[in-house]
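Visitor: The structure file my_file15.cif (mmCIF, C-alpha atoms and all ligand atoms) is provided below.
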```
data_my_file
loop_
_atom_site.group_PDB
_atom_site.id
_atom_site.type_symbol
_atom_site.label_atom_id
_atom_site.label_comp_id
_atom_site.auth_asym_id
_atom_site.auth_seq_id
_atom_site.Cartn_x
_atom_site.Cartn_y
_atom_site.Cartn_z
ATOM 1 C CA MET A 1 46.274 8.186 -36.498
ATOM 2 C CA LYS A 2 47.111 6.716 -33.128
ATOM 3 C CA ILE A 3 47.385 3.103 -31.972
ATOM 4 C CA PHE A 4 44.395 3.566 -29.641
ATOM 5 C CA ASP A 5 42.294 4.271 -32.758
ATOM 6 C CA TYR A 6 42.617 0.554 -33.567
ATOM 7 C CA GLN A 7 41.371 -2.694 -32.109
ATOM 8 C CA ILE A 8 42.584 -6.243 -32.732
ATOM 9 C CA ARG A 9 39.735 -8.716 -33.193
ATOM 10 C CA ASN A 10 38.988 -11.932 -35.060
ATOM 11 C CA MET A 11 38.172 -11.794 -38.769
ATOM 12 C CA ILE A 12 34.505 -11.816 -39.829
ATOM 13 C CA PRO A 13 33.075 -12.435 -43.346
ATOM 14 C CA SER A 14 32.284 -8.750 -43.934
ATOM 15 C CA ASP A 15 36.075 -8.090 -43.793
ATOM 16 C CA PHE A 16 36.821 -10.253 -46.858
ATOM 17 C CA SER A 17 36.545 -7.651 -49.619
ATOM 18 C CA GLN A 18 38.702 -5.124 -47.724
ATOM 19 C CA ILE A 19 41.313 -7.823 -47.075
ATOM 20 C CA GLN A 20 41.422 -8.537 -50.817
ATOM 21 C CA GLU A 21 41.984 -4.847 -51.549
ATOM 22 C CA ILE A 22 44.914 -4.595 -49.106
ATOM 23 C CA CYS A 23 46.365 -7.789 -50.575
ATOM 24 C CA LEU A 24 46.391 -6.266 -54.059
ATOM 25 C CA THR A 25 48.329 -3.276 -52.706
ATOM 26 C CA VAL A 26 50.929 -5.084 -50.579
ATOM 27 C CA TYR A 27 51.428 -8.135 -52.836
ATOM 28 C CA PRO A 28 51.135 -6.714 -56.375
ATOM 29 C CA HIS A 29 52.783 -9.854 -57.857
ATOM 30 C CA ASP A 30 50.286 -12.310 -56.307
ATOM 31 C CA LYS A 31 46.652 -13.295 -56.633
ATOM 32 C CA PRO A 32 44.749 -12.038 -53.557
ATOM 33 C CA TYR A 33 43.002 -14.494 -51.227
ATOM 34 C CA THR A 34 39.597 -15.500 -52.598
ATOM 35 C CA PHE A 35 36.431 -15.196 -50.520
ATOM 36 C CA GLU A 36 36.272 -19.021 -50.469
ATOM 37 C CA GLU A 37 39.796 -19.288 -49.026
ATOM 38 C CA LEU A 38 39.133 -16.663 -46.355
ATOM 39 C CA ASP A 39 35.834 -18.314 -45.483
ATOM 40 C CA THR A 40 37.524 -21.728 -45.130
ATOM 41 C CA HIS A 41 40.264 -20.268 -42.891
ATOM 42 C CA HIS A 42 37.581 -18.598 -40.819
ATOM 43 C CA LYS A 43 35.603 -21.822 -40.425
ATOM 44 C CA LEU A 44 38.649 -24.024 -39.680
ATOM 45 C CA PHE A 45 40.302 -21.828 -37.056
ATOM 46 C CA PRO A 46 38.331 -18.629 -36.348
ATOM 47 C CA GLN A 47 40.382 -17.683 -33.271
ATOM 48 C CA GLY A 48 43.594 -17.746 -35.366
ATOM 49 C CA GLN A 49 42.499 -15.169 -37.968
ATOM 50 C CA PHE A 50 43.192 -11.651 -36.659
ATOM 51 C CA VAL A 51 42.219 -8.264 -38.028
ATOM 52 C CA ALA A 52 43.343 -4.793 -36.954
ATOM 53 C CA GLU A 53 40.326 -2.509 -37.337
ATOM 54 C CA HIS A 54 40.530 1.268 -37.538
ATOM 55 C CA ILE A 55 37.764 2.028 -35.012
ATOM 56 C CA PRO A 56 36.606 5.476 -36.218
ATOM 57 C CA THR A 57 35.929 4.194 -39.770
ATOM 58 C CA GLY A 58 35.437 0.433 -39.240
ATOM 59 C CA ARG A 59 38.076 -0.091 -41.948
ATOM 60 C CA VAL A 60 40.326 -3.179 -41.960
ATOM 61 C CA ALA A 61 43.908 -1.928 -41.528
ATOM 62 C CA GLY A 62 45.821 -5.206 -41.269
ATOM 63 C CA VAL A 63 45.638 -8.946 -40.714
ATOM 64 C CA HIS A 64 47.537 -11.872 -39.245
ATOM 65 C CA PHE A 65 46.450 -15.341 -40.411
ATOM 66 C CA THR A 66 47.546 -18.472 -38.527
ATOM 67 C CA LEU A 67 46.974 -22.210 -38.325
ATOM 68 C CA ARG A 68 48.207 -24.978 -36.015
ATOM 69 C CA LEU A 69 50.733 -27.380 -37.526
ATOM 70 C CA ARG A 70 52.388 -30.597 -36.388
ATOM 71 C CA MET A 71 55.861 -29.493 -37.475
ATOM 72 C CA ALA A 72 57.306 -33.037 -37.300
ATOM 73 C CA ASP A 73 55.350 -33.603 -40.551
ATOM 74 C CA TYR A 74 57.352 -30.869 -42.319
ATOM 75 C CA HIS A 75 60.883 -29.859 -43.220
ATOM 76 C CA PRO A 76 62.336 -26.469 -42.152
ATOM 77 C CA ASP A 77 62.864 -25.553 -45.828
ATOM 78 C CA ASP A 78 59.240 -26.201 -46.798
ATOM 79 C CA ALA A 79 57.551 -23.509 -48.858
ATOM 80 C CA TRP A 80 54.450 -21.501 -47.929
ATOM 81 C CA ASP A 81 52.387 -23.591 -50.371
ATOM 82 C CA VAL A 82 53.345 -26.797 -48.530
ATOM 83 C CA LEU A 83 52.851 -25.380 -45.028
ATOM 84 C CA THR A 84 49.399 -24.000 -45.885
ATOM 85 C CA ALA A 85 48.276 -26.956 -48.081
ATOM 86 C CA LYS A 86 48.257 -24.613 -51.115
ATOM 87 C CA GLY A 87 46.639 -21.781 -49.185
ATOM 88 C CA THR A 88 43.666 -23.884 -48.015
ATOM 89 C CA PHE A 89 44.817 -24.331 -44.363
ATOM 90 C CA ALA A 90 43.439 -27.901 -44.719
ATOM 91 C CA ASP A 91 46.493 -29.129 -42.771
ATOM 92 C CA HIS A 92 45.400 -27.166 -39.668
ATOM 93 C CA ASP A 93 45.672 -29.725 -36.844
ATOM 94 C CA PRO A 94 43.753 -28.621 -33.730
ATOM 95 C CA ILE A 95 44.769 -31.767 -31.809
ATOM 96 C CA ARG A 96 48.454 -32.412 -32.548
ATOM 97 C CA GLY A 97 49.442 -29.024 -33.967
ATOM 98 C CA PHE A 98 51.590 -27.581 -31.171
ATOM 99 C CA THR A 99 53.145 -24.921 -33.414
ATOM 100 C CA LEU A 100 51.173 -21.839 -34.403
ATOM 101 C CA TYR A 101 52.270 -21.091 -37.952
ATOM 102 C CA GLY A 102 51.977 -17.439 -38.968
ATOM 103 C CA ALA A 103 50.927 -17.892 -42.581
ATOM 104 C CA ASP A 104 50.595 -14.192 -43.336
ATOM 105 C CA ILE A 105 50.736 -10.736 -41.814
ATOM 106 C CA PHE A 106 50.161 -7.529 -43.709
ATOM 107 C CA VAL A 107 49.169 -3.966 -42.932
ATOM 108 C CA ASP A 108 47.621 -1.419 -45.286
ATOM 109 C CA PRO A 109 50.393 1.033 -46.274
ATOM 110 C CA ARG A 110 48.207 3.881 -44.932
ATOM 111 C CA ASP A 111 48.403 2.307 -41.465
ATOM 112 C CA GLN A 112 52.005 1.052 -41.389
ATOM 113 C CA HIS A 113 54.681 2.214 -38.907
ATOM 114 C CA GLN A 114 52.269 2.638 -36.021
ATOM 115 C CA GLY A 115 52.838 -0.675 -34.275
ATOM 116 C CA LEU A 116 49.956 -2.632 -35.842
ATOM 117 C CA ALA A 117 52.168 -5.586 -36.862
ATOM 118 C CA HIS A 118 53.460 -5.565 -33.317
ATOM 119 C CA ALA A 119 49.914 -5.581 -31.876
ATOM 120 C CA LEU A 120 48.835 -8.346 -34.291
ATOM 121 C CA THR A 121 51.875 -10.422 -33.290
ATOM 122 C CA ASP A 122 51.098 -9.898 -29.600
ATOM 123 C CA ALA A 123 47.572 -11.217 -30.269
ATOM 124 C CA CYS A 124 49.101 -14.379 -31.776
ATOM 125 C CA ARG A 125 51.469 -14.746 -28.834
ATOM 126 C CA GLU A 126 48.452 -14.557 -26.533
ATOM 127 C CA LEU A 127 46.715 -17.271 -28.567
ATOM 128 C CA VAL A 128 49.820 -19.494 -28.242
ATOM 129 C CA GLN A 129 49.611 -19.054 -24.475
ATOM 130 C CA VAL A 130 45.833 -19.561 -24.265
ATOM 131 C CA GLU A 131 45.997 -22.758 -26.354
ATOM 132 C CA ASN A 132 49.149 -23.882 -24.504
ATOM 133 C CA LEU A 133 51.225 -24.264 -27.667
ATOM 134 C CA TRP A 134 54.971 -24.740 -27.866
ATOM 135 C CA ARG A 135 55.855 -21.923 -30.273
ATOM 136 C CA MET A 136 55.038 -19.711 -33.251
ATOM 137 C CA VAL A 137 56.867 -20.177 -36.538
ATOM 138 C CA GLY A 138 56.814 -18.008 -39.648
ATOM 139 C CA GLY A 139 58.652 -17.184 -42.839
ATOM 140 C CA SER A 140 59.804 -13.581 -43.014
ATOM 141 C CA ARG A 141 60.131 -12.016 -46.457
ATOM 142 C CA LEU A 142 63.421 -10.157 -47.040
ATOM 143 C CA PRO A 143 62.344 -7.366 -49.388
ATOM 144 C CA GLY A 144 65.649 -5.524 -49.026
ATOM 145 C CA TYR A 145 67.705 -8.509 -50.163
ATOM 146 C CA ALA A 146 67.311 -8.405 -53.975
ATOM 147 C CA LEU A 147 69.047 -5.011 -54.052
ATOM 148 C CA VAL A 148 72.270 -6.505 -52.657
ATOM 149 C CA ALA A 149 71.929 -10.177 -53.667
ATOM 150 C CA ASP A 150 74.745 -9.886 -56.237
ATOM 151 C CA SER A 151 77.333 -9.165 -53.585
ATOM 152 C CA VAL A 152 75.929 -10.390 -50.257
ATOM 153 C CA SER A 153 75.009 -13.990 -49.383
ATOM 154 C CA PRO A 154 71.609 -14.665 -47.742
ATOM 155 C CA ASN A 155 73.376 -15.803 -44.534
ATOM 156 C CA GLU A 156 75.420 -12.603 -44.380
ATOM 157 C CA TYR A 157 72.364 -10.430 -45.122
ATOM 158 C CA VAL A 158 70.247 -12.055 -42.412
ATOM 159 C CA ALA A 159 73.137 -11.900 -39.896
ATOM 160 C CA ASP A 160 73.568 -8.184 -40.694
ATOM 161 C CA VAL A 161 69.849 -7.518 -40.129
ATOM 162 C CA VAL A 162 69.898 -9.496 -36.861
ATOM 163 C CA SER A 163 72.914 -7.526 -35.613
ATOM 164 C CA GLY A 164 71.357 -4.211 -36.685
ATOM 165 C CA ARG A 165 74.101 -3.433 -39.260
ATOM 166 C CA ARG A 166 71.404 -3.494 -41.976
ATOM 167 C CA LYS A 167 67.684 -2.793 -41.922
ATOM 168 C CA ASP A 168 65.164 -4.883 -43.863
ATOM 169 C CA PRO A 169 61.614 -3.509 -44.286
ATOM 170 C CA VAL A 170 60.034 -6.756 -43.039
ATOM 171 C CA LEU A 171 62.608 -8.787 -41.069
ATOM 172 C CA SER A 172 63.654 -5.792 -38.926
ATOM 173 C CA ALA A 173 60.012 -5.284 -37.899
ATOM 174 C CA HIS A 174 59.610 -8.998 -37.048
ATOM 175 C CA LEU A 175 62.770 -8.944 -34.918
ATOM 176 C CA LYS A 176 61.424 -5.940 -32.992
ATOM 177 C CA ASP A 177 58.224 -7.933 -32.465
ATOM 178 C CA GLY A 178 60.099 -10.667 -30.575
ATOM 179 C CA TRP A 179 60.738 -13.233 -33.317
ATOM 180 C CA SER A 180 64.190 -14.789 -33.697
ATOM 181 C CA VAL A 181 65.785 -16.147 -36.859
ATOM 182 C CA VAL A 182 66.286 -19.895 -37.338
ATOM 183 C CA LYS A 183 67.887 -19.716 -40.812
ATOM 184 C CA PRO A 184 67.494 -18.280 -44.317
ATOM 185 C CA ILE A 185 65.434 -20.462 -46.686
ATOM 186 C CA HIS A 186 65.113 -20.349 -50.469
ATOM 187 C CA GLY A 187 61.861 -20.580 -52.455
ATOM 188 C CA TYR A 188 59.526 -20.024 -49.492
ATOM 189 C CA LEU A 189 57.215 -17.886 -51.629
ATOM 190 C CA GLN A 190 56.623 -18.681 -55.284
ATOM 191 C CA ASN A 191 57.144 -15.189 -56.545
ATOM 192 C CA ASP A 192 58.966 -12.688 -54.361
ATOM 193 C CA PRO A 193 61.447 -10.856 -56.580
ATOM 194 C CA GLU A 194 62.118 -8.137 -53.960
ATOM 195 C CA SER A 195 63.457 -10.865 -51.639
ATOM 196 C CA ALA A 196 65.286 -12.633 -54.522
ATOM 197 C CA ASN A 197 62.988 -15.529 -53.488
ATOM 198 C CA TRP A 198 64.723 -15.831 -50.112
ATOM 199 C CA ALA A 199 63.062 -15.653 -46.691
ATOM 200 C CA ALA A 200 64.074 -16.159 -43.071
ATOM 201 C CA LEU A 201 62.522 -18.929 -41.027
ATOM 202 C CA ILE A 202 61.582 -17.232 -37.728
ATOM 203 C CA GLN A 203 60.163 -18.464 -34.435
ATOM 204 C CA TRP A 204 59.064 -17.453 -30.962
ATOM 205 C CA ILE A 205 59.149 -20.106 -28.228
ATOM 206 C CA ASN A 206 56.509 -20.054 -25.503
ATOM 207 C CA PRO A 207 58.506 -20.229 -22.261
ATOM 208 C CA GLN A 208 55.471 -21.708 -20.453
ATOM 209 C CA CYS A 209 55.128 -24.818 -22.626
ATOM 210 C CA PRO A 210 57.600 -27.676 -23.204
ATOM 211 C CA PRO A 211 58.194 -29.058 -26.726
ATOM 212 C CA PRO A 212 55.734 -31.766 -27.836
ATOM 213 C CA PRO A 213 56.943 -35.393 -27.333
ATOM 214 C CA GLU A 214 58.289 -35.770 -30.908
ATOM 215 C CA PHE A 215 60.717 -32.842 -30.335
ATOM 216 C CA GLN A 216 61.885 -33.668 -26.812
ATOM 217 C CA ILE A 217 65.549 -34.564 -26.359
ATOM 218 C CA ARG A 218 65.832 -37.915 -24.616
HETATM 219 C C1 LIG B 301 55.868 -5.985 -42.442
HETATM 220 C C2 LIG B 301 54.615 -5.214 -42.091
HETATM 221 C C3 LIG B 301 53.490 -6.184 -41.766
HETATM 222 C C4 LIG B 301 54.898 -4.329 -40.869
HETATM 223 O O1 LIG B 301 53.688 -3.678 -40.491
HETATM 224 P P1 LIG B 301 53.656 -2.365 -39.559
HETATM 225 O O2 LIG B 301 52.316 -2.287 -38.924
HETATM 226 O O3 LIG B 301 54.135 -1.195 -40.297
HETATM 227 O O4 LIG B 301 54.723 -2.772 -38.450
HETATM 228 P P2 LIG B 301 55.026 -1.968 -37.105
HETATM 229 O O5 LIG B 301 54.393 -0.625 -37.141
HETATM 230 O O6 LIG B 301 54.690 -2.866 -35.956
HETATM 231 O O7 LIG B 301 56.591 -1.842 -37.211
HETATM 232 C C5 LIG B 301 57.162 -1.256 -38.367
HETATM 233 C C6 LIG B 301 58.146 -0.184 -37.976
HETATM 234 O O8 LIG B 301 57.443 0.958 -37.489
HETATM 235 C C7 LIG B 301 57.996 1.342 -36.240
HETATM 236 N N1 LIG B 301 56.925 1.925 -35.419
HETATM 237 C C8 LIG B 301 55.989 1.271 -34.724
HETATM 238 N N2 LIG B 301 55.190 2.153 -34.095
HETATM 239 C C9 LIG B 301 55.629 3.380 -34.416
HETATM 240 C C10 LIG B 301 55.211 4.690 -34.104
HETATM 241 N N3 LIG B 301 54.170 4.922 -33.297
HETATM 242 N N4 LIG B 301 55.888 5.715 -34.643
HETATM 243 C C11 LIG B 301 56.938 5.500 -35.459
HETATM 244 N N5 LIG B 301 57.393 4.273 -35.803
HETATM 245 C C12 LIG B 301 56.734 3.234 -35.289
HETATM 246 C C13 LIG B 301 58.484 0.038 -35.652
HETATM 247 O O9 LIG B 301 59.443 0.226 -34.638
HETATM 248 C C14 LIG B 301 59.078 -0.616 -36.866
HETATM 249 O O10 LIG B 301 60.349 -0.070 -37.113
HETATM 250 P P3 LIG B 301 61.450 -0.804 -37.996
HETATM 251 O O11 LIG B 301 60.908 -0.819 -39.406
HETATM 252 O O12 LIG B 301 62.626 0.072 -37.785
HETATM 253 O O13 LIG B 301 61.595 -2.171 -37.425
HETATM 254 C C15 LIG B 301 54.200 -4.252 -43.252
HETATM 255 O O14 LIG B 301 55.312 -3.522 -43.656
HETATM 256 C C16 LIG B 301 53.589 -4.971 -44.453
HETATM 257 O O15 LIG B 301 52.393 -5.240 -44.493
HETATM 258 N N6 LIG B 301 54.419 -5.236 -45.490
HETATM 259 C C17 LIG B 301 53.920 -5.819 -46.739
HETATM 260 C C18 LIG B 301 53.452 -7.253 -46.606
HETATM 261 C C19 LIG B 301 54.561 -8.144 -46.076
HETATM 262 O O16 LIG B 301 55.646 -8.208 -46.628
HETATM 263 N N7 LIG B 301 54.259 -8.864 -44.983
HETATM 264 C C20 LIG B 301 55.229 -9.690 -44.307
HETATM 265 C C21 LIG B 301 55.065 -11.100 -44.725
HETATM 266 S S1 LIG B 301 56.370 -12.075 -44.030
#
```
Translate this file's structure into structure tokens.

Guide:
Amino acid sequence: MKIFDYQIRNMIPSDFSQIQEICLTVYPHDKPYTFEELDTHHKLFPQGQFVAEHIPTGRVAGVHFTLRLRMADYHPDDAWDVLTAKGTFADHDPIRGFTLYGADIFVDPRDQHQGLAHALTDACRELVQVENLWRMVGGSRLPGYALVADSVSPNEYVADVVSGRRKDPVLSAHLKDGWSVVKPIHGYLQNDPESANWAALIQWINPQCPPPPEFQIR
């Protein structure tokens, strides 16, 4: 399969069941999104819910789900449940939310390693620019960390991945996609044994847009 066999578009309701199936494969420890949740996300912020579609078959190959947050209302260590209002996206703030929060990105294992996460991230970056937002923020899982957690601290692990001394299946891909690490955080996801429940807070700053007033240095 080639990257030009895919298109990035916004999610539509007929995608929901395929998204659930991919979820079950990539997050075997978690409950998949329900139709109600996906429908609410779609209604709240349709332009922030992206799908990579395999054009020849019409199959959903991957997704990137986002919402706009007013980050001054949150702490950098806040968990996914807090940042997404328990997965509802009810905290999406289309007026004062100058940060696009990447709540989730996943690609069907059959379609991985072809640049789809990269293309989905570029679509989000474009949305940040179109909506004149300050930045994108996300929490990167660290699925290589549990294997070495006994002997390597989270700070050391993340620094090694950033410098290229180690490779992590998720963080390395995010770094290639233009994100940079803010810091490791604990307990971001409720149940991520592969990451020893650690994650890396990551961001991309839009060079065209200044920080919102509450973040400006006076
Ligand atoms: C993380 C994830 C979304 C990446 O998706 P992906 O579409 O495979 O990502 P990409 O193809 O853009 O990049 C992955 C790797 O493939 C490489 N790649 C991209 N295009 C390629 C191509 N045409 N040929 C060979 N390799 C390619 C990239 O350089 C990257 O390399 P790296 O692993 O050395 O960094 C995917 O692994 C996933 O869904 N994981 C499970 C869910 C998850 O943990 N999501 C993250 C939540 S924070």

Visitor: To one decimal in Å, tell me the separation between atom CA of Lys43 of chain A and atom CA of Ala90 of chain A.

Guide: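 Distance between the two atoms: 10.8 Å.
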
Visitor: Using Å and a single decimal, report how far atom N7 of ligand LIG 301 (chain B) sits from atom CA of Ala200 of chain A.

Guide: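 The value is 12.4 Å.
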
Visitor: To check your reading of the model: which residues sit at most 10 Å from ligand LIG 301 (chain B) when counting all atoms listed in the file? Write the answer as a PyMOL selection string.

Guide: chain A and resi 1-3+22-23+25-27+52+61-64+102-121+138-143+164+167-177+189+192+194-195+199-202

Visitor: Taking the file as shown, find all residues satisfying the PyMOL selection byres (((chain A and resi 77) around 9) and not hetatm) and write them as a ChimeraX atom specification.

Guide: /A:74-76,78-79,184-188,201

Visitor: Once the PyMOL selection byres (((chain A and resi 211) around 9) and not hetatm) has been applied to the shown file, what residues remain in the selection, as a list of chain:residue names?

Guide: A:Phe98, A:Leu133, A:Trp134, A:Arg135, A:Cys209, A:Pro210, A:Pro212, A:Pro213, A:Glu214, A:Phe215, A:Gln216

Visitor: When you count all atoms listed in the file, which of these residues is closest to Ala159 of chain A: A:Val51, A:Val128, A:Leu147, A:Val181?

Guide: A:Val181

Visitor: Could you check how far atom CA of Ala149 of chain A sits from atom CA of Pro32 of chain A, in Å to one decimal?

Guide: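 One can read the atom CA of Ala149 of chain A to atom CA of Pro32 of chain A distance as 27.2 Å.
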
Visitor: Would you kindly translate the PyMOL selection byres (((chain A and resi 130) around 12) and not hetatm) into the concrete residues it picks from this file, as a PyMOL selection string?

Guide: chain A and resi 47-48+100+123-129+131-135+206+208-209

Visitor: Pick out the closest residue to Asp91 of chain A from this set: A:His54, A:Lys183, A:Arg68, A:Arg166. Count only C-alpha atoms.

Guide: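 Smallest separation from Asp91 of chain A among the options: A:Arg68.
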
Visitor: Find the residue from A:Leu38, A:Ala72, A:Ile55, A:Leu24 that sits nearest to Thr88 of chain A; use only C-alpha atoms when measuring.

Guide: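 The closest residue to Thr88 of chain A is A:Leu38.
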
Visitor: Counting all atoms listed in the file, figure out which residue out of A:Val162, A:Ile12, A:Met71, A:Ala196 gets nearest to Gly178 of chain A.

Guide: A:Val162

Visitor: Using all atoms listed in the file, can you tell me which of A:Tyr157, A:Phe65, A:Trp198, A:Phe50 comes closest to Tyr101 of chain A?

Guide: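 Selected residue with least distance to Tyr101 of chain A: A:Phe65.
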
Visitor: Kindly output segment 15-35 of chain A as a PDB file, keeping the file's coordinate frame, after building N, CA and C atoms.

Guide:
```pdb
ATOM      1  N   ASP A  15      34.728  -8.658 -43.587  1.00  0.00           N
ATOM      2  CA  ASP A  15      36.075  -8.090 -43.793  1.00  0.00           C
ATOM      3  C   ASP A  15      36.670  -8.517 -45.140  1.00  0.00           C
ATOM      4  N   PHE A  16      36.114  -9.590 -45.757  1.00  0.00           N
ATOM      5  CA  PHE A  16      36.821 -10.253 -46.858  1.00  0.00           C
ATOM      6  C   PHE A  16      37.188  -9.314 -48.009  1.00  0.00           C
ATOM      7  N   SER A  17      36.245  -8.471 -48.433  1.00  0.00           N
ATOM      8  CA  SER A  17      36.545  -7.651 -49.619  1.00  0.00           C
ATOM      9  C   SER A  17      37.638  -6.622 -49.300  1.00  0.00           C
ATOM     10  N   GLN A  18      37.641  -6.087 -48.086  1.00  0.00           N
ATOM     11  CA  GLN A  18      38.702  -5.124 -47.724  1.00  0.00           C
ATOM     12  C   GLN A  18      40.058  -5.826 -47.645  1.00  0.00           C
ATOM     13  N   ILE A  19      40.054  -7.068 -47.155  1.00  0.00           N
ATOM     14  CA  ILE A  19      41.313  -7.823 -47.075  1.00  0.00           C
ATOM     15  C   ILE A  19      41.865  -8.034 -48.488  1.00  0.00           C
ATOM     16  N   GLN A  20      40.982  -8.369 -49.419  1.00  0.00           N
ATOM     17  CA  GLN A  20      41.422  -8.537 -50.817  1.00  0.00           C
ATOM     18  C   GLN A  20      42.063  -7.263 -51.351  1.00  0.00           C
ATOM     19  N   GLU A  21      41.445  -6.124 -51.046  1.00  0.00           N
ATOM     20  CA  GLU A  21      41.984  -4.847 -51.549  1.00  0.00           C
ATOM     21  C   GLU A  21      43.385  -4.575 -50.997  1.00  0.00           C
ATOM     22  N   ILE A  22      43.578  -4.841 -49.696  1.00  0.00           N
ATOM     23  CA  ILE A  22      44.914  -4.595 -49.106  1.00  0.00           C
ATOM     24  C   ILE A  22      45.936  -5.536 -49.741  1.00  0.00           C
ATOM     25  N   CYS A  23      45.487  -6.787 -49.954  1.00  0.00           N
ATOM     26  CA  CYS A  23      46.365  -7.789 -50.575  1.00  0.00           C
ATOM     27  C   CYS A  23      46.894  -7.299 -51.929  1.00  0.00           C
ATOM     28  N   LEU A  24      45.995  -6.739 -52.728  1.00  0.00           N
ATOM     29  CA  LEU A  24      46.391  -6.266 -54.059  1.00  0.00           C
ATOM     30  C   LEU A  24      47.450  -5.169 -53.945  1.00  0.00           C
ATOM     31  N   THR A  25      47.364  -4.373 -52.884  1.00  0.00           N
ATOM     32  CA  THR A  25      48.329  -3.276 -52.706  1.00  0.00           C
ATOM     33  C   THR A  25      49.674  -3.793 -52.201  1.00  0.00           C
ATOM     34  N   VAL A  26      49.648  -4.686 -51.193  1.00  0.00           N
ATOM     35  CA  VAL A  26      50.929  -5.084 -50.579  1.00  0.00           C
ATOM     36  C   VAL A  26      51.619  -6.221 -51.330  1.00  0.00           C
ATOM     37  N   TYR A  27      50.837  -7.034 -52.057  1.00  0.00           N
ATOM     38  CA  TYR A  27      51.428  -8.135 -52.836  1.00  0.00           C
ATOM     39  C   TYR A  27      51.037  -7.983 -54.309  1.00  0.00           C
ATOM     40  N   PRO A  28      51.579  -6.960 -54.998  1.00  0.00           N
ATOM     41  CA  PRO A  28      51.135  -6.714 -56.375  1.00  0.00           C
ATOM     42  C   PRO A  28      51.470  -7.862 -57.337  1.00  0.00           C
ATOM     43  N   HIS A  29      52.403  -8.755 -56.965  1.00  0.00           N
ATOM     44  CA  HIS A  29      52.783  -9.854 -57.857  1.00  0.00           C
ATOM     45  C   HIS A  29      51.897 -11.090 -57.667  1.00  0.00           C
ATOM     46  N   ASP A  30      51.034 -11.088 -56.653  1.00  0.00           N
ATOM     47  CA  ASP A  30      50.286 -12.310 -56.307  1.00  0.00           C
ATOM     48  C   ASP A  30      48.794 -12.134 -56.496  1.00  0.00           C
ATOM     49  N   LYS A  31      48.118 -13.301 -56.623  1.00  0.00           N
ATOM     50  CA  LYS A  31      46.652 -13.295 -56.633  1.00  0.00           C
ATOM     51  C   LYS A  31      46.192 -13.091 -55.186  1.00  0.00           C
ATOM     52  N   PRO A  32      45.204 -12.209 -54.946  1.00  0.00           N
ATOM     53  CA  PRO A  32      44.749 -12.038 -53.557  1.00  0.00           C
ATOM     54  C   PRO A  32      43.980 -13.276 -53.084  1.00  0.00           C
ATOM     55  N   TYR A  33      43.837 -13.419 -51.770  1.00  0.00           N
ATOM     56  CA  TYR A  33      43.002 -14.494 -51.227  1.00  0.00           C
ATOM     57  C   TYR A  33      41.606 -14.377 -51.822  1.00  0.00           C
ATOM     58  N   THR A  34      40.992 -15.525 -52.131  1.00  0.00           N
ATOM     59  CA  THR A  34      39.597 -15.500 -52.598  1.00  0.00           C
ATOM     60  C   THR A  34      38.670 -15.503 -51.374  1.00  0.00           C
ATOM     61  N   PHE A  35      37.420 -15.145 -51.603  1.00  0.00           N
ATOM     62  CA  PHE A  35      36.431 -15.196 -50.520  1.00  0.00           C
ATOM     63  C   PHE A  35      36.334 -16.622 -49.975  1.00  0.00           C
TER      64      PHE A  35
END
```
